[in-house]
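A.B. asks: Handing you a structure now.
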Amino acid sequence: MILGAFLILGFGALVLFLPKGEGATVKRGEKLYMQQCMNCHGKDGKGLGKLIPGLHHAELLQKERLICAIRYGKSGPLEVDGQVYNGQMPPNFTLDDGEIRDIVNYVYTQFAEAPKSLDLPEVQDQLRNCAQANPRLQW
Amino acid sequence: MKMLPFFGPVLLFLWSCGSPNSNAEKELKHLPFMGEPMLIQNDQGSVDTLWPALPAFTLASQTGDSLTQLDLAGKIRVADFFFTSCPTICPMMSAQMLRIHERFGSNDQVVLISHSIDPEHDSVSVLADYAEKLGASAPGWFFLTGDMDLIFSLADAYGSFAEKDPNAPGGFAHSGALTLADRQGRIRGVYDGTNPEEVDRLILDMERLLAEAPDYGPEAVPVGLDYAQ
């Protein structure tokens, strides 16, 4: 009985603390990640040697870098934790703003030290700022 | 009848003790030979069955030296066809080849060869940089560059595929196949290099080939390439 009550309370608390709709965006993000990102960054997000960075690096997961890189790609040297990567990440203009949000939320859930979730306006704000912050879009 | 549950395990134990060889043979079941046999009439009037071996080649490797089929004689090899700027399946293939390299890198009976299908861009120094960053080293793993038509023909001979295609991402269309060939250069398996489970199977098949007698099976005969230099 007591155990049951605890379970119900615990589950209730979990539901209360999960932002609305988070499960759905992460689930859609997982599918998109496997289609669009996994080839290079790996199913486990670990990247490939010193050729492709892993996604567990906090500095790559800053939203301004992550969101802009998904849409506009990344070229030129990229230094992460002292390692310089010289590969090219292709831009992807087929993903709409909501799909980018879903991928970002999946990446944050799977690979970030402190998982978090962004909503659509936050992502769209950032997407507008990609071009402002760097007109050549060299992310 | 009540005794049966006690007898069952004892009988199974006896069974397994009685035929140790048949179990070992099962483990070492031979891999098939891929391709078509060549039936050649010999001087005695009977027919010899020969098997096509992979063609001869000379390509430059990331070490700066050239590599030929003679360097692979007596060794088992795994081959793939890729390019360093490939934006699609190549990183997955390289990740899987790296698994194999980590497993067999210290075994001098095993050689991995990755052929660049974009040799114009993938020079020796580009390949050396790629190999170093990937964590791959010769003589366990060679990255090869050279004449593009030769490399495309080799892809075909290895049961893979590569061609220039301006509509494909990166400018080349190619297969993600990993080809396994035995000590005599006969193809014994082709695997999907983007599928980790298939590569698990490839690794087991490599163990089988390593355990196989080098002269097992029909005699190998190198075949020419349908390619004009």
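In the structure tokens, chains take letters A, B, ... by order of appearance, with residues numbered from 1 within each chain and ligands from 1 in the order shown.
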Once DSSP has gone over the backbone, tell me which residues of range 27-179 of chain B are in alpha helix (DSSP H), as a PDB file with N, CA and C atoms, in the first residue's frame.
C.D. replies:
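What follows is the written file part.pdb:
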ATOM      1  N   GLU B  27      31.971 -24.661 -35.420  1.00  0.00           N
ATOM      2  CA  GLU B  27      32.523 -23.327 -35.183  1.00  0.00           C
ATOM      3  C   GLU B  27      33.297 -22.840 -36.409  1.00  0.00           C
ATOM      4  N   CYS B  90      30.135   7.796 -45.430  1.00  0.00           N
ATOM      5  CA  CYS B  90      31.541   7.430 -45.165  1.00  0.00           C
ATOM      6  C   CYS B  90      31.934   7.465 -43.691  1.00  0.00           C
ATOM      7  N   PRO B  91      31.491   8.497 -42.924  1.00  0.00           N
ATOM      8  CA  PRO B  91      31.889   8.464 -41.509  1.00  0.00           C
ATOM      9  C   PRO B  91      31.412   7.196 -40.796  1.00  0.00           C
ATOM     10  N   MET B  92      30.239   6.697 -41.176  1.00  0.00           N
ATOM     11  CA  MET B  92      29.762   5.455 -40.547  1.00  0.00           C
ATOM     12  C   MET B  92      30.637   4.276 -40.957  1.00  0.00           C
ATOM     13  N   MET B  93      31.004   4.255 -42.259  1.00  0.00           N
ATOM     14  CA  MET B  93      31.880   3.168 -42.724  1.00  0.00           C
ATOM     15  C   MET B  93      33.225   3.247 -42.015  1.00  0.00           C
ATOM     16  N   SER B  94      33.770   4.469 -41.907  1.00  0.00           N
ATOM     17  CA  SER B  94      35.070   4.624 -41.249  1.00  0.00           C
ATOM     18  C   SER B  94      34.979   4.211 -39.783  1.00  0.00           C
ATOM     19  N   ALA B  95      33.853   4.544 -39.128  1.00  0.00           N
ATOM     20  CA  ALA B  95      33.685   4.164 -37.716  1.00  0.00           C
ATOM     21  C   ALA B  95      33.684   2.641 -37.586  1.00  0.00           C
ATOM     22  N   GLN B  96      33.049   1.961 -38.543  1.00  0.00           N
ATOM     23  CA  GLN B  96      32.999   0.497 -38.485  1.00  0.00           C
ATOM     24  C   GLN B  96      34.359  -0.114 -38.836  1.00  0.00           C
ATOM     25  N   MET B  97      35.054   0.473 -39.828  1.00  0.00           N
ATOM     26  CA  MET B  97      36.399  -0.005 -40.157  1.00  0.00           C
ATOM     27  C   MET B  97      37.320   0.183 -38.943  1.00  0.00           C
ATOM     28  N   LEU B  98      37.105   1.287 -38.221  1.00  0.00           N
ATOM     29  CA  LEU B  98      37.926   1.554 -37.034  1.00  0.00           C
ATOM     30  C   LEU B  98      37.711   0.468 -35.974  1.00  0.00           C
ATOM     31  N   ARG B  99      36.479   0.012 -35.837  1.00  0.00           N
ATOM     32  CA  ARG B  99      36.198  -1.101 -34.901  1.00  0.00           C
ATOM     33  C   ARG B  99      37.037  -2.317 -35.272  1.00  0.00           C
ATOM     34  N   ILE B 100      37.070  -2.605 -36.598  1.00  0.00           N
ATOM     35  CA  ILE B 100      37.818  -3.781 -37.063  1.00  0.00           C
ATOM     36  C   ILE B 100      39.308  -3.564 -36.814  1.00  0.00           C
ATOM     37  N   HIS B 101      39.786  -2.344 -37.082  1.00  0.00           N
ATOM     38  CA  HIS B 101      41.204  -2.018 -36.892  1.00  0.00           C
ATOM     39  C   HIS B 101      41.587  -2.164 -35.416  1.00  0.00           C
ATOM     40  N   GLU B 102      40.700  -1.719 -34.537  1.00  0.00           N
ATOM     41  CA  GLU B 102      40.997  -1.819 -33.108  1.00  0.00           C
ATOM     42  C   GLU B 102      41.057  -3.281 -32.676  1.00  0.00           C
ATOM     43  N   ARG B 103      40.248  -4.108 -33.333  1.00  0.00           N
ATOM     44  CA  ARG B 103      40.219  -5.522 -32.986  1.00  0.00           C
ATOM     45  C   ARG B 103      41.432  -6.278 -33.555  1.00  0.00           C
ATOM     46  N   PHE B 104      41.809  -5.974 -34.807  1.00  0.00           N
ATOM     47  CA  PHE B 104      42.836  -6.780 -35.496  1.00  0.00           C
ATOM     48  C   PHE B 104      44.116  -5.996 -35.820  1.00  0.00           C
ATOM     49  N   VAL B 124      48.057  11.906 -51.153  1.00  0.00           N
ATOM     50  CA  VAL B 124      48.736  11.150 -50.094  1.00  0.00           C
ATOM     51  C   VAL B 124      48.690  11.923 -48.774  1.00  0.00           C
ATOM     52  N   SER B 125      48.960  13.236 -48.840  1.00  0.00           N
ATOM     53  CA  SER B 125      49.013  13.996 -47.580  1.00  0.00           C
ATOM     54  C   SER B 125      47.621  14.161 -46.969  1.00  0.00           C
ATOM     55  N   VAL B 126      46.590  14.313 -47.806  1.00  0.00           N
ATOM     56  CA  VAL B 126      45.216  14.392 -47.278  1.00  0.00           C
ATOM     57  C   VAL B 126      44.851  13.077 -46.589  1.00  0.00           C
ATOM     58  N   LEU B 127      45.237  11.966 -47.215  1.00  0.00           N
ATOM     59  CA  LEU B 127      44.925  10.657 -46.631  1.00  0.00           C
ATOM     60  C   LEU B 127      45.727  10.424 -45.347  1.00  0.00           C
ATOM     61  N   ALA B 128      46.981  10.908 -45.322  1.00  0.00           N
ATOM     62  CA  ALA B 128      47.801  10.741 -44.116  1.00  0.00           C
ATOM     63  C   ALA B 128      47.158  11.491 -42.950  1.00  0.00           C
ATOM     64  N   ASP B 129      46.673  12.686 -43.227  1.00  0.00           N
ATOM     65  CA  ASP B 129      46.028  13.491 -42.193  1.00  0.00           C
ATOM     66  C   ASP B 129      44.735  12.819 -41.713  1.00  0.00           C
ATOM     67  N   TYR B 130      43.970  12.316 -42.667  1.00  0.00           N
ATOM     68  CA  TYR B 130      42.696  11.647 -42.336  1.00  0.00           C
ATOM     69  C   TYR B 130      42.964  10.419 -41.458  1.00  0.00           C
ATOM     70  N   ALA B 131      43.947   9.613 -41.867  1.00  0.00           N
ATOM     71  CA  ALA B 131      44.254   8.387 -41.126  1.00  0.00           C
ATOM     72  C   ALA B 131      44.696   8.718 -39.696  1.00  0.00           C
ATOM     73  N   GLU B 132      45.542   9.734 -39.596  1.00  0.00           N
ATOM     74  CA  GLU B 132      46.066  10.097 -38.267  1.00  0.00           C
ATOM     75  C   GLU B 132      44.921  10.553 -37.366  1.00  0.00           C
ATOM     76  N   LYS B 133      44.022  11.366 -37.913  1.00  0.00           N
ATOM     77  CA  LYS B 133      42.923  11.898 -37.098  1.00  0.00           C
ATOM     78  C   LYS B 133      41.893  10.821 -36.765  1.00  0.00           C
ATOM     79  N   LEU B 134      41.794   9.847 -37.630  1.00  0.00           N
ATOM     80  CA  LEU B 134      40.843   8.762 -37.374  1.00  0.00           C
ATOM     81  C   LEU B 134      41.403   7.793 -36.329  1.00  0.00           C
ATOM     82  N   MET B 148      41.857   7.213 -60.998  1.00  0.00           N
ATOM     83  CA  MET B 148      40.447   7.087 -60.635  1.00  0.00           C
ATOM     84  C   MET B 148      39.752   5.934 -61.369  1.00  0.00           C
ATOM     85  N   ASP B 149      40.061   5.774 -62.670  1.00  0.00           N
ATOM     86  CA  ASP B 149      39.405   4.694 -63.417  1.00  0.00           C
ATOM     87  C   ASP B 149      39.801   3.331 -62.860  1.00  0.00           C
ATOM     88  N   LEU B 150      41.075   3.206 -62.474  1.00  0.00           N
ATOM     89  CA  LEU B 150      41.532   1.952 -61.868  1.00  0.00           C
ATOM     90  C   LEU B 150      40.751   1.695 -60.566  1.00  0.00           C
ATOM     91  N   ILE B 151      40.592   2.736 -59.754  1.00  0.00           N
ATOM     92  CA  ILE B 151      39.917   2.566 -58.461  1.00  0.00           C
ATOM     93  C   ILE B 151      38.436   2.218 -58.674  1.00  0.00           C
ATOM     94  N   PHE B 152      37.800   2.867 -59.666  1.00  0.00           N
ATOM     95  CA  PHE B 152      36.397   2.528 -59.944  1.00  0.00           C
ATOM     96  C   PHE B 152      36.276   1.063 -60.405  1.00  0.00           C
ATOM     97  N   SER B 153      37.239   0.623 -61.234  1.00  0.00           N
ATOM     98  CA  SER B 153      37.201  -0.771 -61.703  1.00  0.00           C
ATOM     99  C   SER B 153      37.434  -1.733 -60.540  1.00  0.00           C
ATOM    100  N   LEU B 154      38.341  -1.344 -59.634  1.00  0.00           N
ATOM    101  CA  LEU B 154      38.579  -2.189 -58.460  1.00  0.00           C
ATOM    102  C   LEU B 154      37.301  -2.302 -57.618  1.00  0.00           C
ATOM    103  N   ALA B 155      36.590  -1.173 -57.478  1.00  0.00           N
ATOM    104  CA  ALA B 155      35.344  -1.190 -56.698  1.00  0.00           C
ATOM    105  C   ALA B 155      34.406  -2.257 -57.262  1.00  0.00           C
ATOM    106  N   ASP B 156      34.310  -2.285 -58.588  1.00  0.00           N
ATOM    107  CA  ASP B 156      33.458  -3.267 -59.250  1.00  0.00           C
ATOM    108  C   ASP B 156      33.949  -4.688 -58.954  1.00  0.00           C
ATOM    109  N   ALA B 157      35.271  -4.887 -59.047  1.00  0.00           N
ATOM    110  CA  ALA B 157      35.837  -6.220 -58.809  1.00  0.00           C
ATOM    111  C   ALA B 157      35.627  -6.679 -57.369  1.00  0.00           C
TER     112      ALA B 157
END
A.B. asks: Output as an MDAnalysis selection string the set of chain A residues within 7 Å of chain B, with distances taken over only C-alpha atoms.
C.D. replies: chainID A and resid 39:40 48:51
A.B. asks: Take the residues from that selection and put them in a file with N, CA and C atoms, as a tab-separated table (two decimals), in the first residue's frame.
C.D. replies:
chain	number	residue	atom	x	y	z
A	39	ASN	N	24.84	9.79	-39.18
A	39	ASN	CA	25.92	9.35	-40.09
A	39	ASN	C	27.28	9.85	-39.62
A	40	CYS	N	27.33	11.12	-39.26
A	40	CYS	CA	28.62	11.69	-38.89
A	40	CYS	C	28.86	11.65	-37.38
A	48	LEU	N	33.72	11.08	-34.53
A	48	LEU	CA	34.63	10.12	-35.16
A	48	LEU	C	36.06	10.61	-34.99
A	49	GLY	N	36.79	9.96	-34.10
A	49	GLY	CA	38.20	10.29	-33.85
A	49	GLY	C	38.40	11.79	-33.70
A	50	LYS	N	39.44	12.30	-34.38
A	50	LYS	CA	39.69	13.73	-34.37
A	50	LYS	C	39.15	14.38	-35.63
A	51	LEU	N	38.25	13.64	-36.33
A	51	LEU	CA	37.68	14.15	-37.57
A	51	LEU	C	36.35	14.86	-37.34
A.B. asks: Within 10 Å of Gly29 in chain A, counting only C-alpha atoms, which residues show up once you throw out same-chain ones fewer than 3 positions away? Write them as JSON, numbers by chain, please.
C.D. replies: {"A": [23, 24, 25, 26, 32, 33, 34, 35, 98, 99, 100, 101, 102, 103, 104, 105, 106, 107, 109]}
A.B. asks: Could the residues in this selection be saved with C-alpha atoms as a compact mmCIF listing (two decimals), in the first residue's frame?
C.D. replies:
# COMPACT_ATOMS: atom_id res chain seq x y z
CA GLY A 23 8.33 13.94 -24.77
CA ALA A 24 6.86 14.49 -28.23
CA THR A 25 9.52 16.94 -29.43
CA VAL A 26 12.31 14.66 -28.19
CA LEU A 32 15.35 13.34 -37.30
CA TYR A 33 18.71 12.88 -35.55
CA MET A 34 18.95 9.34 -36.92
CA GLN A 35 18.18 10.61 -40.44
CA GLY A 98 10.18 23.19 -35.47
CA GLU A 99 12.29 20.28 -36.71
CA ILE A 100 15.46 22.08 -35.63
CA ARG A 101 13.89 22.56 -32.19
CA ASP A 102 13.14 18.82 -32.06
CA ILE A 103 16.73 17.85 -32.95
CA VAL A 104 18.14 20.33 -30.44
CA ASN A 105 15.90 18.94 -27.70
CA TYR A 106 16.89 15.35 -28.53
CA VAL A 107 20.59 16.30 -28.45
CA THR A 109 18.27 15.09 -23.65
A.B. asks: Using only C-alpha atoms, which of the listed residues (B:Ala79, B:Leu112, B:Ala60, B:Val221) sits closest to Asp147 in chain B?
C.D. replies: B:Ala60
A.B. asks: Report as an MDAnalysis selection string all protein, DNA and RNA residues lying within 8 Å of Leu31 in chain B, evaluated on only C-alpha atoms, omitting residues in the same chain fewer than 4 positions from it.
C.D. replies: chainID B and resid 188:189 205 208:209
A.B. asks: Can you tell me how far CA of Leu180 in chain B sits from CA of Ile76 in chain B, in Å to one decimal?
C.D. replies: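 Separation between CA of Leu180 in chain B and CA of Ile76 in chain B: 7.4 Å.
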A.B. asks: Can you pull out the residues contacting Gln124 in chain A? Cut-off 9 Å, using only C-alpha atoms, and skip same-chain residues under 3 positions away; I want them as a JSON list (two decimals) with N, CA and C atoms, in the first residue's frame.
C.D. replies:
[["chain", "number", "residue", "atom", "x", "y", "z"],
["A", 97, "ASP", "N", 11.86, 25.28, -38.73],
["A", 97, "ASP", "CA", 12.26, 25.73, -37.39],
["A", 97, "ASP", "C", 11.86, 24.72, -36.32],
["A", 98, "GLY", "N", 10.67, 24.15, -36.47],
["A", 98, "GLY", "CA", 10.18, 23.19, -35.47],
["A", 98, "GLY", "C", 11.03, 21.92, -35.46],
["A", 101, "ARG", "N", 14.17, 22.61, -33.63],
["A", 101, "ARG", "CA", 13.89, 22.56, -32.19],
["A", 101, "ARG", "C", 13.88, 21.10, -31.71],
["A", 119, "ASP", "N", 11.80, 25.97, -26.36],
["A", 119, "ASP", "CA", 10.53, 26.05, -27.09],
["A", 119, "ASP", "C", 10.77, 26.74, -28.44],
["A", 120, "LEU", "N", 9.72, 26.72, -29.28],
["A", 120, "LEU", "CA", 9.89, 27.19, -30.66],
["A", 120, "LEU", "C", 10.33, 28.65, -30.75],
["A", 121, "PRO", "N", 9.71, 29.59, -29.98],
["A", 121, "PRO", "CA", 10.15, 31.00, -30.08],
["A", 121, "PRO", "C", 11.63, 31.19, -29.75],
["A", 127, "LEU", "N", 17.64, 31.55, -34.54],
["A", 127, "LEU", "CA", 17.83, 31.42, -35.98],
["A", 127, "LEU", "C", 17.92, 32.79, -36.65],
["A", 128, "ARG", "N", 17.13, 33.74, -36.16],
["A", 128, "ARG", "CA", 17.22, 35.11, -36.72],
["A", 128, "ARG", "C", 18.58, 35.71, -36.42],
["A", 129, "ASN", "N", 19.13, 35.34, -35.25],
["A", 129, "ASN", "CA", 20.41, 35.94, -34.84],
["A", 129, "ASN", "C", 21.62, 35.32, -35.51]]
A.B. asks: Could you tell me how far CA of Thr63 in chain B lies from CA of Ser114 in chain B, in Å and to one decimal?
C.D. replies: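 Going from CA of Thr63 in chain B over to CA of Ser114 in chain B covers 13.2 Å.
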A.B. asks: Taking the backbone alone, and naming residues the way the document does, which bits of range 42-216 of chain B are strand (DSSP E or B) by DSSP, as an NGL selection string?
C.D. replies: :B and (47-53 or 58-61 or 66-68 or 76-82 or 110-116 or 141-145 or 162-164 or 172-174 or 177-181 or 187-192)
A.B. asks: Just to be explicit: take each residue in the selection above, keep N, CA and C atoms, and write the result as a CSV table (one decimal), in the first residue's frame.
C.D. replies:
chain,number,residue,atom,x,y,z
B,47,VAL,N,38.8,-31.7,-65.8
B,47,VAL,CA,38.5,-30.3,-65.7
B,47,VAL,C,39.0,-29.8,-64.3
B,48,ASP,N,39.8,-28.8,-64.2
B,48,ASP,CA,40.1,-28.2,-63.0
B,48,ASP,C,39.2,-27.0,-62.6
B,49,THR,N,38.8,-26.9,-61.4
B,49,THR,CA,38.0,-25.8,-60.9
B,49,THR,C,38.9,-24.8,-60.3
B,50,LEU,N,38.9,-23.6,-60.9
B,50,LEU,CA,39.8,-22.5,-60.4
B,50,LEU,C,38.8,-21.4,-59.9
B,51,TRP,N,39.3,-20.5,-59.1
B,51,TRP,CA,38.5,-19.4,-58.6
B,51,TRP,C,39.1,-18.1,-58.9
B,52,PRO,N,38.4,-17.1,-59.3
B,52,PRO,CA,39.0,-15.8,-59.6
B,52,PRO,C,39.4,-15.1,-58.3
B,53,ALA,N,40.6,-14.6,-58.4
B,53,ALA,CA,41.2,-13.8,-57.2
B,53,ALA,C,41.1,-12.3,-57.6
B,58,THR,N,48.4,-1.2,-58.4
B,58,THR,CA,49.5,-0.5,-57.7
B,58,THR,C,48.9,0.9,-57.4
B,59,LEU,N,48.8,1.2,-56.1
B,59,LEU,CA,48.3,2.5,-55.7
B,59,LEU,C,49.2,3.1,-54.6
B,60,ALA,N,49.1,4.4,-54.5
B,60,ALA,CA,49.9,5.1,-53.4
B,60,ALA,C,49.1,5.0,-52.1
B,61,SER,N,49.9,4.8,-51.0
B,61,SER,CA,49.2,4.8,-49.7
B,61,SER,C,49.5,6.0,-48.9
B,66,SER,N,54.1,3.0,-52.4
B,66,SER,CA,53.0,2.4,-53.1
B,66,SER,C,52.7,1.0,-52.5
B,67,LEU,N,51.5,0.6,-52.7
B,67,LEU,CA,51.0,-0.7,-52.2
B,67,LEU,C,50.5,-1.5,-53.4
B,68,THR,N,50.9,-2.8,-53.5
B,68,THR,CA,50.4,-3.7,-54.6
B,68,THR,C,49.8,-4.9,-54.0
B,76,ILE,N,44.6,-11.9,-45.0
B,76,ILE,CA,43.2,-11.6,-45.3
B,76,ILE,C,43.0,-10.1,-45.3
B,77,ARG,N,42.1,-9.7,-46.1
B,77,ARG,CA,41.9,-8.2,-46.3
B,77,ARG,C,40.4,-7.8,-46.2
B,78,VAL,N,40.2,-6.6,-45.7
B,78,VAL,CA,38.9,-6.0,-45.7
B,78,VAL,C,39.0,-4.7,-46.5
B,79,ALA,N,38.2,-4.5,-47.6
B,79,ALA,CA,38.3,-3.3,-48.4
B,79,ALA,C,37.1,-2.5,-48.4
B,80,ASP,N,37.2,-1.2,-48.5
B,80,ASP,CA,36.1,-0.3,-48.7
B,80,ASP,C,36.5,0.8,-49.7
B,81,PHE,N,35.5,1.5,-50.1
B,81,PHE,CA,35.6,2.6,-51.1
B,81,PHE,C,34.9,3.9,-50.5
B,82,PHE,N,35.6,5.0,-50.4
B,82,PHE,CA,35.1,6.1,-49.6
B,82,PHE,C,35.8,7.4,-50.2
B,110,VAL,N,46.3,-9.5,-41.0
B,110,VAL,CA,45.1,-8.8,-41.4
B,110,VAL,C,45.5,-7.4,-42.0
B,111,VAL,N,44.9,-7.1,-43.1
B,111,VAL,CA,45.1,-5.7,-43.7
B,111,VAL,C,43.8,-5.1,-44.1
B,112,LEU,N,43.6,-3.9,-43.7
B,112,LEU,CA,42.4,-3.1,-44.1
B,112,LEU,C,42.9,-2.2,-45.2
B,113,ILE,N,42.1,-2.0,-46.3
B,113,ILE,CA,42.5,-1.1,-47.4
B,113,ILE,C,41.2,-0.2,-47.7
B,114,SER,N,41.4,1.1,-47.6
B,114,SER,CA,40.3,2.0,-47.9
B,114,SER,C,40.8,2.8,-49.1
B,115,HIS,N,40.0,2.6,-50.2
B,115,HIS,CA,40.3,3.3,-51.5
B,115,HIS,C,39.6,4.6,-51.6
B,116,SER,N,40.3,5.6,-51.9
B,116,SER,CA,39.6,6.9,-52.1
B,116,SER,C,39.0,6.9,-53.6
B,141,TRP,N,46.3,-0.8,-41.7
B,141,TRP,CA,45.3,-0.1,-42.4
B,141,TRP,C,45.9,0.9,-43.4
B,142,PHE,N,45.7,0.6,-44.7
B,142,PHE,CA,46.2,1.5,-45.7
B,142,PHE,C,45.1,2.3,-46.4
B,143,PHE,N,45.3,3.6,-46.6
B,143,PHE,CA,44.4,4.5,-47.4
B,143,PHE,C,45.1,4.7,-48.7
B,144,LEU,N,44.3,4.4,-49.8
B,144,LEU,CA,44.9,4.3,-51.1
B,144,LEU,C,44.4,5.4,-52.1
B,145,THR,N,45.3,5.9,-52.9
B,145,THR,CA,44.9,6.9,-53.9
B,145,THR,C,45.6,6.5,-55.2
B,162,ALA,N,31.3,2.4,-57.4
B,162,ALA,CA,31.6,3.8,-57.2
B,162,ALA,C,31.6,4.5,-58.6
B,163,GLU,N,31.0,5.7,-58.6
B,163,GLU,CA,31.1,6.5,-59.9
B,163,GLU,C,30.9,8.0,-59.6
B,164,LYS,N,31.3,8.8,-60.5
B,164,LYS,CA,31.1,10.2,-60.4
B,164,LYS,C,29.7,10.5,-60.6
B,172,PHE,N,30.0,12.1,-55.7
B,172,PHE,CA,30.2,10.7,-56.0
B,172,PHE,C,29.1,9.8,-55.5
B,173,ALA,N,28.7,8.9,-56.3
B,173,ALA,CA,27.8,7.9,-55.8
B,173,ALA,C,28.6,6.6,-55.5
B,174,HIS,N,28.3,6.0,-54.3
B,174,HIS,CA,29.1,4.8,-54.0
B,174,HIS,C,28.4,3.9,-53.0
B,177,ALA,N,29.7,-0.9,-49.0
B,177,ALA,CA,30.1,-2.3,-48.8
B,177,ALA,C,31.5,-2.4,-48.2
B,178,LEU,N,31.7,-3.4,-47.3
B,178,LEU,CA,33.0,-3.8,-46.8
B,178,LEU,C,33.2,-5.2,-47.4
B,179,THR,N,34.3,-5.4,-48.1
B,179,THR,CA,34.5,-6.7,-48.8
B,179,THR,C,35.6,-7.5,-48.1
B,180,LEU,N,35.3,-8.7,-47.8
B,180,LEU,CA,36.3,-9.6,-47.1
B,180,LEU,C,36.9,-10.6,-48.1
B,181,ALA,N,38.2,-10.6,-48.2
B,181,ALA,CA,38.9,-11.5,-49.1
B,181,ALA,C,39.9,-12.3,-48.3
B,187,ILE,N,37.2,-13.5,-52.8
B,187,ILE,CA,36.1,-12.8,-52.0
B,187,ILE,C,35.3,-13.8,-51.3
B,188,ARG,N,35.2,-13.6,-50.0
B,188,ARG,CA,34.5,-14.6,-49.1
B,188,ARG,C,33.2,-14.0,-48.5
B,189,GLY,N,33.1,-12.7,-48.6
B,189,GLY,CA,31.9,-12.0,-48.0
B,189,GLY,C,31.8,-10.5,-48.4
B,190,VAL,N,30.6,-10.0,-48.5
B,190,VAL,CA,30.4,-8.6,-48.7
B,190,VAL,C,29.4,-8.1,-47.7
B,191,TYR,N,29.7,-7.1,-46.9
B,191,TYR,CA,28.9,-6.7,-45.8
B,191,TYR,C,28.5,-5.2,-45.9
B,192,ASP,N,27.4,-4.8,-45.2
B,192,ASP,CA,27.0,-3.4,-45.2
B,192,ASP,C,27.8,-2.7,-44.1
A.B. asks: Show which residues sit within 9 Å of range 78-82 of chain A, as a PyMOL selection string. Count only C-alpha atoms, and ignore same-chain residues fewer than 4 positions away.
C.D. replies: chain A and resi 53+57+59-60+74+86-87+139
A.B. asks: Near Glu64 in chain A, counting only C-alpha atoms, which residues have an atom at most 7 Å away, once you skip same-chain residues fewer than 3 positions from it, shown as a PyMOL selection string?
C.D. replies: chain A and resi 67-68+126
A.B. asks: Limited to C-alpha atoms, could you put the picked residues into a file as a tab-separated table (two decimals), in the first residue's frame?
C.D. replies:
chain	number	residue	atom	x	y	z
A	67	ILE	CA	21.06	25.84	-33.63
A	68	CYS	CA	22.98	27.84	-36.23
A	126	GLN	CA	18.29	32.25	-32.29
